[in-house]
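So this one's coords_7.tsv, TSV, N, CA and C atoms:
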chain	number	residue	atom	x	y	z
A	296	MET	N	117.36	122.11	93.30
A	296	MET	CA	118.25	121.52	94.27
A	296	MET	C	118.23	120.01	94.08
A	297	PRO	N	119.24	119.40	93.46
A	297	PRO	CA	119.26	117.97	93.22
A	297	PRO	C	119.38	117.19	94.53
A	298	ILE	N	118.75	116.06	94.55
A	298	ILE	CA	118.85	115.16	95.68
A	298	ILE	C	119.87	114.11	95.29
A	299	SER	N	120.86	113.89	96.14
A	299	SER	CA	121.93	112.99	95.76
A	299	SER	C	122.33	112.08	96.91
A	300	ALA	N	123.08	111.06	96.54
A	300	ALA	CA	123.64	110.11	97.50
A	300	ALA	C	124.95	109.62	96.91
A	301	LYS	N	125.70	108.88	97.70
A	301	LYS	CA	126.94	108.30	97.19
A	301	LYS	C	126.73	106.81	96.97
A	302	ASP	N	127.29	106.32	95.84
A	302	ASP	CA	127.19	104.90	95.57
A	302	ASP	C	128.27	104.15	96.34
A	303	SER	N	128.37	102.85	96.12
A	303	SER	CA	129.31	102.02	96.88
A	303	SER	C	130.77	102.41	96.66
A	304	GLN	N	131.06	103.13	95.57
A	304	GLN	CA	132.43	103.55	95.30
A	304	GLN	C	132.65	105.02	95.66
A	305	GLY	N	131.69	105.62	96.35
A	305	GLY	CA	131.85	106.99	96.81
A	305	GLY	C	131.53	108.06	95.78
A	306	ARG	N	131.02	107.65	94.62
A	306	ARG	CA	130.66	108.63	93.59
A	306	ARG	C	129.30	109.22	93.90
A	307	LEU	N	129.12	110.50	93.57
A	307	LEU	CA	127.86	111.19	93.79
A	307	LEU	C	126.86	110.74	92.72
A	308	VAL	N	125.68	110.30	93.15
A	308	VAL	CA	124.65	109.81	92.26
A	308	VAL	C	123.36	110.59	92.53
A	309	LEU	N	122.75	111.09	91.46
A	309	LEU	CA	121.46	111.77	91.62
A	309	LEU	C	120.37	110.73	91.83
A	310	CYS	N	119.58	110.89	92.89
A	310	CYS	CA	118.53	109.92	93.16
A	310	CYS	C	117.18	110.60	93.31
A	311	GLY	N	117.10	111.86	92.92
A	311	GLY	CA	115.85	112.58	93.00
A	311	GLY	C	114.98	112.28	91.80
A	312	VAL	N	113.72	112.63	91.94
A	312	VAL	CA	112.76	112.49	90.84
A	312	VAL	C	112.52	113.89	90.28
A	313	ASN	N	112.80	114.05	89.00
A	313	ASN	CA	112.60	115.35	88.35
A	313	ASN	C	111.16	115.44	87.85
A	314	LEU	N	110.46	116.50	88.27
A	314	LEU	CA	109.10	116.72	87.80
A	314	LEU	C	109.05	118.01	87.00
A	315	ARG	N	108.41	117.95	85.86
A	315	ARG	CA	108.09	119.15	85.09
A	315	ARG	C	106.60	119.37	85.28
A	316	LEU	N	106.26	120.43	86.01
A	316	LEU	CA	104.86	120.71	86.29
A	316	LEU	C	104.32	121.69	85.26
A	317	ILE	N	103.14	121.39	84.74
A	317	ILE	CA	102.51	122.21	83.72
A	317	ILE	C	101.20	122.77	84.28
A	318	LEU	N	101.03	124.08	84.18
A	318	LEU	CA	99.79	124.73	84.59
A	318	LEU	C	98.79	124.70	83.43
A	319	VAL	N	97.53	124.98	83.72
A	319	VAL	CA	96.49	125.05	82.69
A	319	VAL	C	96.87	126.07	81.62
A	320	SER	N	97.56	127.13	82.02
A	320	SER	CA	97.98	128.18	81.07
A	320	SER	C	99.07	127.69	80.11
A	321	GLY	N	99.67	126.54	80.42
A	321	GLY	CA	100.76	126.02	79.59
A	321	GLY	C	102.14	126.33	80.12
A	322	LYS	N	102.22	127.16	81.16
A	322	LYS	CA	103.53	127.49	81.74
A	322	LYS	C	104.07	126.26	82.46
A	323	THR	N	105.40	126.09	82.40
A	323	THR	CA	106.04	124.93	83.02
A	323	THR	C	107.15	125.36	83.96
A	324	GLN	N	107.48	124.47	84.87
A	324	GLN	CA	108.61	124.67	85.78
A	324	GLN	C	109.10	123.29	86.21
A	325	ASP	N	110.41	123.13	86.27
A	325	ASP	CA	111.00	121.87	86.71
A	325	ASP	C	111.36	121.93	88.19
A	326	PHE	N	111.12	120.83	88.89
A	326	PHE	CA	111.45	120.67	90.30
A	326	PHE	C	112.07	119.30	90.49
A	327	THR	N	112.84	119.13	91.57
A	327	THR	CA	113.39	117.83	91.93
A	327	THR	C	112.90	117.47	93.33
A	328	PHE	N	112.40	116.25	93.47
A	328	PHE	CA	111.86	115.78	94.74
A	328	PHE	C	112.43	114.42	95.09
A	329	SER	N	112.28	114.05	96.34
A	329	SER	CA	112.65	112.73	96.82
A	329	SER	C	111.56	111.73	96.44
A	330	PRO	N	111.91	110.46	96.20
A	330	PRO	CA	110.88	109.45	95.96
A	330	PRO	C	109.91	109.30	97.14
A	331	ASN	N	110.34	109.74	98.33
A	331	ASN	CA	109.47	109.64	99.52
A	331	ASN	C	108.48	110.79	99.62
A	332	ASP	N	108.60	111.81	98.77
A	332	ASP	CA	107.69	112.96	98.83
A	332	ASP	C	106.31	112.56	98.32
A	333	SER	N	105.28	113.01	99.03
A	333	SER	CA	103.90	112.72	98.64
A	333	SER	C	103.36	113.88	97.80
A	334	ALA	N	102.18	113.67	97.25
A	334	ALA	CA	101.53	114.73	96.47
A	334	ALA	C	101.31	115.96	97.34
A	335	THR	N	100.97	115.76	98.62
A	335	THR	CA	100.79	116.88	99.54
A	335	THR	C	102.10	117.61	99.77
A	336	ASP	N	103.20	116.87	99.94
A	336	ASP	CA	104.53	117.49	100.12
A	336	ASP	C	104.90	118.33	98.91
A	337	ILE	N	104.62	117.81	97.73
A	337	ILE	CA	104.96	118.51	96.49
A	337	ILE	C	104.15	119.80	96.37
A	338	ALA	N	102.84	119.71	96.64
A	338	ALA	CA	101.99	120.90	96.56
A	338	ALA	C	102.47	121.96	97.55
A	339	ARG	N	102.84	121.55	98.75
A	339	ARG	CA	103.32	122.51	99.74
A	339	ARG	C	104.62	123.16	99.28
A	340	HIS	N	105.55	122.35	98.76
A	340	HIS	CA	106.83	122.89	98.29
A	340	HIS	C	106.62	123.89	97.15
A	341	VAL	N	105.79	123.54	96.18
A	341	VAL	CA	105.55	124.42	95.04
A	341	VAL	C	104.90	125.72	95.52
A	342	PHE	N	103.93	125.61	96.43
A	342	PHE	CA	103.27	126.80	96.96
A	342	PHE	C	104.28	127.72	97.66
A	343	GLU	N	105.16	127.13	98.47
A	343	GLU	CA	106.14	127.91	99.21
A	343	GLU	C	107.27	128.45	98.33
A	344	ASN	N	107.45	127.87	97.15
A	344	ASN	CA	108.50	128.29	96.22
A	344	ASN	C	107.89	128.61	94.86
A	345	TRP	N	106.78	129.34	94.89
A	345	TRP	CA	106.01	129.64	93.67
A	345	TRP	C	106.93	130.32	92.65
A	346	PRO	N	107.04	129.77	91.44
A	346	PRO	CA	107.94	130.33	90.43
A	346	PRO	C	107.58	131.76	90.04
A	347	ALA	N	108.60	132.53	89.72
A	347	ALA	CA	108.44	133.94	89.38
A	347	ALA	C	107.51	134.15	88.18
A	348	GLY	N	107.54	133.28	87.21
A	348	GLY	CA	106.72	133.44	86.02
A	348	GLY	C	105.27	133.00	86.18
A	349	TRP	N	104.90	132.54	87.36
A	349	TRP	CA	103.56	132.01	87.58
A	349	TRP	C	102.68	132.94	88.41
A	350	GLU	N	103.02	134.21	88.55
A	350	GLU	CA	102.29	135.11	89.43
A	350	GLU	C	100.79	135.15	89.13
A	351	GLU	N	100.42	135.17	87.86
A	351	GLU	CA	99.01	135.26	87.48
A	351	GLU	C	98.20	134.04	87.92
A	352	GLU	N	98.85	132.92	88.11
A	352	GLU	CA	98.17	131.69	88.49
A	352	GLU	C	98.29	131.37	89.97
A	353	SER	N	98.78	132.32	90.77
A	353	SER	CA	99.01	132.03	92.19
A	353	SER	C	97.71	131.65	92.90
A	354	VAL	N	97.84	130.84	93.93
A	354	VAL	CA	96.69	130.35	94.70
A	354	VAL	C	96.84	130.78	96.15
A	355	SER	N	95.76	130.70	96.89
A	355	SER	CA	95.75	131.17	98.28
A	355	SER	C	96.26	130.14	99.28
A	356	SER	N	96.30	128.87	98.89
A	356	SER	CA	96.67	127.82	99.83
A	356	SER	C	97.23	126.61	99.09
A	357	PRO	N	98.20	125.90	99.67
A	357	PRO	CA	98.70	124.70	99.02
A	357	PRO	C	97.67	123.57	99.00
A	358	SER	N	96.67	123.65	99.87
A	358	SER	CA	95.69	122.57	99.98
A	358	SER	C	94.79	122.44	98.75
A	359	ILE	N	94.76	123.46	97.88
A	359	ILE	CA	93.93	123.34	96.68
A	359	ILE	C	94.74	122.96	95.44
A	360	LEU	N	96.06	122.81	95.59
A	360	LEU	CA	96.88	122.39	94.46
A	360	LEU	C	96.79	120.88	94.28
A	361	ARG	N	96.51	120.46	93.08
A	361	ARG	CA	96.35	119.03	92.77
A	361	ARG	C	97.27	118.64	91.63
A	362	LEU	N	97.84	117.45	91.73
A	362	LEU	CA	98.69	116.90	90.68
A	362	LEU	C	97.89	115.91	89.85
A	363	ILE	N	98.10	115.95	88.55
A	363	ILE	CA	97.50	114.98	87.64
A	363	ILE	C	98.63	114.26	86.94
A	364	PHE	N	98.62	112.92	87.03
A	364	PHE	CA	99.64	112.10	86.38
A	364	PHE	C	98.93	111.02	85.58
A	365	GLN	N	99.24	110.94	84.31
A	365	GLN	CA	98.64	109.98	83.38
A	365	GLN	C	97.12	110.02	83.45
A	366	GLY	N	96.59	111.26	83.50
A	366	GLY	CA	95.15	111.45	83.45
A	366	GLY	C	94.41	111.23	84.76
A	367	ARG	N	95.14	110.99	85.85
A	367	ARG	CA	94.49	110.73	87.14
A	367	ARG	C	94.98	111.70	88.20
A	368	PHE	N	94.05	112.15	89.03
A	368	PHE	CA	94.44	112.98	90.16
A	368	PHE	C	95.19	112.13	91.17
A	369	LEU	N	96.29	112.68	91.70
A	369	LEU	CA	97.03	111.99	92.76
A	369	LEU	C	96.49	112.45	94.11
A	370	HIS	N	96.08	111.52	94.93
A	370	HIS	CA	95.61	111.86	96.26
A	370	HIS	C	96.81	112.16	97.15
A	371	GLY	N	96.60	112.93	98.20
A	371	GLY	CA	97.65	113.51	99.02
A	371	GLY	C	98.73	112.61	99.54
A	372	ASN	N	98.39	111.35	99.86
A	372	ASN	CA	99.38	110.47	100.48
A	372	ASN	C	100.18	109.63	99.48
A	373	VAL	N	99.90	109.76	98.20
A	373	VAL	CA	100.63	108.98	97.18
A	373	VAL	C	102.03	109.56	97.02
A	374	THR	N	103.04	108.70	97.16
A	374	THR	CA	104.43	109.15	97.01
A	374	THR	C	104.92	108.93	95.58
A	375	LEU	N	105.97	109.66	95.23
A	375	LEU	CA	106.57	109.48	93.90
A	375	LEU	C	107.14	108.07	93.77
A	376	GLY	N	107.69	107.55	94.86
A	376	GLY	CA	108.22	106.19	94.84
A	376	GLY	C	107.15	105.16	94.53
A	377	ALA	N	105.94	105.37	95.05
A	377	ALA	CA	104.85	104.43	94.80
A	377	ALA	C	104.45	104.42	93.32
A	378	LEU	N	104.71	105.54	92.64
A	378	LEU	CA	104.41	105.62	91.20
A	378	LEU	C	105.51	104.99	90.35
A	379	LYS	N	106.60	104.60	91.01
A	379	LYS	CA	107.75	103.98	90.32
A	379	LYS	C	108.31	104.89	89.23
A	380	LEU	N	108.43	106.18	89.56
A	380	LEU	CA	109.00	107.14	88.60
A	380	LEU	C	110.51	106.96	88.57
A	381	PRO	N	111.11	106.98	87.40
A	381	PRO	CA	112.55	106.74	87.29
A	381	PRO	C	113.38	107.91	87.83
A	382	PRO	N	114.26	107.66	88.79
A	382	PRO	CA	115.14	108.73	89.29
A	382	PRO	C	116.03	109.26	88.17
A	383	GLY	N	116.27	110.57	88.20
A	383	GLY	CA	117.16	111.17	87.21
A	383	GLY	C	116.50	111.53	85.90
A	384	ARG	N	115.31	111.03	85.64
A	384	ARG	CA	114.59	111.36	84.40
A	384	ARG	C	113.47	112.35	84.73
A	385	THR	N	113.07	113.12	83.74
A	385	THR	CA	112.01	114.10	83.95
A	385	THR	C	110.65	113.49	83.65
A	386	THR	N	109.75	113.61	84.61
A	386	THR	CA	108.37	113.15	84.47
A	386	THR	C	107.47	114.38	84.43
A	387	VAL	N	106.52	114.39	83.52
A	387	VAL	CA	105.62	115.53	83.37
A	387	VAL	C	104.32	115.25	84.13
A	388	MET	N	103.89	116.25	84.91
A	388	MET	CA	102.60	116.20	85.61
A	388	MET	C	101.92	117.55	85.43
A	389	HIS	N	100.61	117.54	85.51
A	389	HIS	CA	99.85	118.78	85.48
A	389	HIS	C	99.58	119.22	86.90
A	390	LEU	N	99.58	120.52	87.12
A	390	LEU	CA	99.29	121.10	88.42
A	390	LEU	C	98.08	122.03	88.25
A	391	VAL	N	97.02	121.72	88.98
A	391	VAL	CA	95.79	122.50	88.87
A	391	VAL	C	95.30	122.92	90.24
A	392	ALA	N	94.51	123.98	90.28
A	392	ALA	CA	93.87	124.42	91.52
A	392	ALA	C	92.46	123.85	91.53
A	393	ARG	N	92.18	123.06	92.55
A	393	ARG	CA	90.86	122.43	92.66
A	393	ARG	C	90.58	122.15	94.12
A	394	GLU	N	89.41	122.55	94.59
A	394	GLU	CA	89.05	122.41	96.00
A	394	GLU	C	88.96	120.95	96.45
A	395	THR	N	88.29	120.11	95.66
A	395	THR	CA	88.07	118.72	96.07
A	395	THR	C	88.50	117.79	94.94
A	396	LEU	N	88.72	116.56	95.31
A	396	LEU	CA	89.07	115.53	94.34
A	396	LEU	C	87.91	114.56	94.17
A	397	PRO	N	87.80	113.97	93.00
A	397	PRO	CA	86.80	112.91	92.85
A	397	PRO	C	87.21	111.71	93.70
A	398	GLU	N	86.25	110.93	94.11
A	398	GLU	CA	86.56	109.72	94.86
A	398	GLU	C	87.41	108.80	93.99
A	399	PRO	N	88.33	108.02	94.60
A	399	PRO	CA	89.23	107.17	93.81
A	399	PRO	C	88.52	106.24	92.84
A	400	ASN	N	87.33	105.72	93.19
A	400	ASN	CA	86.64	104.77	92.33
A	400	ASN	C	85.51	105.39	91.52
A	401	SER	N	85.32	106.70	91.60
A	401	SER	CA	84.15	107.30	90.97
A	401	SER	C	84.15	107.11	89.45
A	402	HIS	N	85.31	107.25	88.82
A	402	HIS	CA	85.37	107.10	87.36
A	402	HIS	C	85.07	105.65	86.98
A	403	GLY	N	85.68	104.72	87.68
A	403	GLY	CA	85.44	103.30	87.39
A	403	GLY	C	84.00	102.92	87.63
A	404	GLN	N	83.38	103.49	88.66
A	404	GLN	CA	81.99	103.20	88.95
A	404	GLN	C	81.10	103.67	87.81
A	405	ARG	N	81.37	104.88	87.30
A	405	ARG	CA	80.57	105.39	86.18
A	405	ARG	C	80.70	104.46	84.98
A	406	ASN	N	81.90	103.97	84.72
A	406	ASN	CA	82.10	103.07	83.58
A	406	ASN	C	81.32	101.78	83.78
A	407	ARG	N	81.32	101.23	85.01
A	407	ARG	CA	80.57	100.00	85.26
A	407	ARG	C	79.08	100.23	85.08
A	408	GLU	N	78.59	101.38	85.54
A	408	GLU	CA	77.18	101.68	85.38
A	408	GLU	C	76.81	101.77	83.92
A	409	LYS	N	77.67	102.34	83.12
A	409	LYS	CA	77.38	102.49	81.70
A	409	LYS	C	77.37	101.13	81.00
A	410	THR	N	78.25	100.22	81.41
A	410	THR	CA	78.33	98.93	80.73
A	410	THR	C	77.19	98.02	81.09
A	411	THR	N	76.48	98.29	82.19
A	411	THR	CA	75.35	97.43	82.54
A	411	THR	C	74.12	97.78	81.73
A	412	GLU	N	74.11	98.95	81.13
A	412	GLU	CA	72.98	99.33	80.30
A	412	GLU	C	73.17	98.75	78.91
A	413	SER	N	72.08	98.33	78.33
A	413	SER	CA	72.16	97.87	76.94
A	413	SER	C	70.90	98.27	76.22
A	414	SER	N	71.02	98.44	74.97
A	414	SER	CA	69.84	98.74	74.16
A	414	SER	C	70.00	98.05	72.83
A	415	CYS	N	68.89	97.71	72.26
A	415	CYS	CA	68.91	96.96	71.02
A	415	CYS	C	67.98	97.65	70.03
A	416	CYS	N	68.39	97.66	68.83
A	416	CYS	CA	67.59	98.26	67.78
A	416	CYS	C	67.54	97.28	66.61
A	417	LEU	N	66.35	97.03	66.13
A	417	LEU	CA	66.20	96.08	65.03
A	417	LEU	C	65.56	96.82	63.86
A	418	LEU	N	66.23	96.83	62.74
A	418	LEU	CA	65.69	97.48	61.54
A	418	LEU	C	65.21	96.43	60.58
A	419	LEU	N	64.00	96.59	60.09
A	419	LEU	CA	63.44	95.63	59.14
A	419	LEU	C	63.33	96.21	57.77
What is this structure when it is put down as structure tokens?
Amino acid sequence: MPISAKDSQGRLVLCGVNLRLILVSGKTQDFTFSPNDSATDIARHVFENWPAGWEEESVSSPSILRLIFQGRFLHGNVTLGALKLPPGRTTVMHLVARETLPEPNSHGQRNREKTTESSCCLLL
């Protein structure tokens, strides 16, 4: 269902964000969302409109569906607009079932901890 609006000349313009969601199994499905939709809104919509070809991967609740974009989990309140995704173009995200998310800074913290360690080896 495309999301549309009319421009200043009355022409119909698509203003939705197209997402191609990929499951761990490799199955894909395209959806269109508003830039105002959050990760939680998207998970709920996908759960309520679970694609016919995804029966084997079905989940018990939308609350465990997580989106991954550019290698990072999207937390529930992040909107597509905040990601500056181009309207009318297809953006690929992964959709996984996971009970909890890592803390937003946990990965960065691990990297900082690793960089504070140093070791030296001298060969004679």
When you draw a straight line from atom CA of Pro382 of chain A to atom C of Val312 of chain A, how long is it in Å?
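According to the coordinates, atom CA of Pro382 of chain A and atom C of Val312 of chain A are separated by 5.9 Å.
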Report, in Å to a single decimal, how far apart atom N of Phe328 of chain A and atom CA of Leu375 of chain A are.
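Separation of atom CA of Leu375 of chain A and atom N of Phe328 of chain A: 8.9 Å.
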Extract, using only C-alpha atoms, all DNA, RNA and protein residues at most 7 Å from segment 363-367 of chain A, discarding same-chain residues fewer than 4 positions from it, and format them as a PyMOL selection string.
chain A and resi 388-390
For atom C of Pro330 of chain A and atom C of Leu360 of chain A, quote the distance in Å rounded to one decimal.
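For atom C of Pro330 of chain A relative to atom C of Leu360 of chain A, the distance reads 17.7 Å.
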Extract, using only C-alpha atoms, all DNA, RNA and protein residues at most 9 Å from Ser355 of chain A, discarding same-chain residues fewer than 3 positions from it, and format them as a ChimeraX atom specification.
/A:342,358-359
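Here the question is which of A:Arg384, A:Leu378, A:Val373, A:Ala347 gets nearest to Arg361 of chain A using only C-alpha atoms, and that residue is A:Val373.
Between Gly383 of chain A and the residues A:Ser320, A:Cys310, A:Glu343, A:Ile337, the shortest atom-to-atom distance, using only N, CA and C atoms, involves A:Cys310.
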Backbone DSSP call of strand (DSSP E or B) for segment 310-415 of chain A, listed as a ChimeraX atom specification:
/A:312-317,323-328,333,360-364,367-368,374,385-392
Find the residue from A:Thr374, A:Ser329, A:Asn344, A:Thr385 that sits nearest to Arg315 of chain A; use all atoms listed in the file when measuring.
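Counting all atoms listed in the file, the residue closest to Arg315 of chain A is A:Thr385.
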Which one of A:Glu398, A:Thr327, A:Ser353, A:Ala334 sits closest to Leu369 of chain A if you count only N, CA and C atoms?
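Result for the nearest residue to Leu369 of chain A: A:Ala334.
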If we count all atoms listed in the file and set the cut-off at 7 Å, which residues sit around Thr335 of chain A, ignoring sequence neighbours fewer than 4 positions away in its own chain? Please answer as a ChimeraX atom specification.
/A:339-340,370-373
So for segment 343-349 of chain A, what box centre and size do we get, axis-aligned, 6 Å extra on each of the six sides, every listed atom, Å to one decimal, as JSON?
{"center_x": 105.6, "center_y": 130.6, "center_z": 92.6, "size_x": 17.9, "size_y": 19.0, "size_z": 25.2}
I'd like to know which of A:Gln324, A:Asn331, A:Val319, A:Ser356 is closest to Lys379 of chain A, using only C-alpha atoms.
A:Asn331
Would you mind writing down, as an MDAnalysis selection string, each residue of segment 320-399 of chain A that DSSP on the backbone assigns to alpha helix (DSSP H)?
chainID A and resid 334:343
Would you mind telling me which residue in A:Val354, A:Asp332, A:Val391, A:Pro346 lies nearest to Ala377 of chain A when using only C-alpha atoms?
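Closest to Ala377 of chain A, using only C-alpha atoms: A:Asp332.
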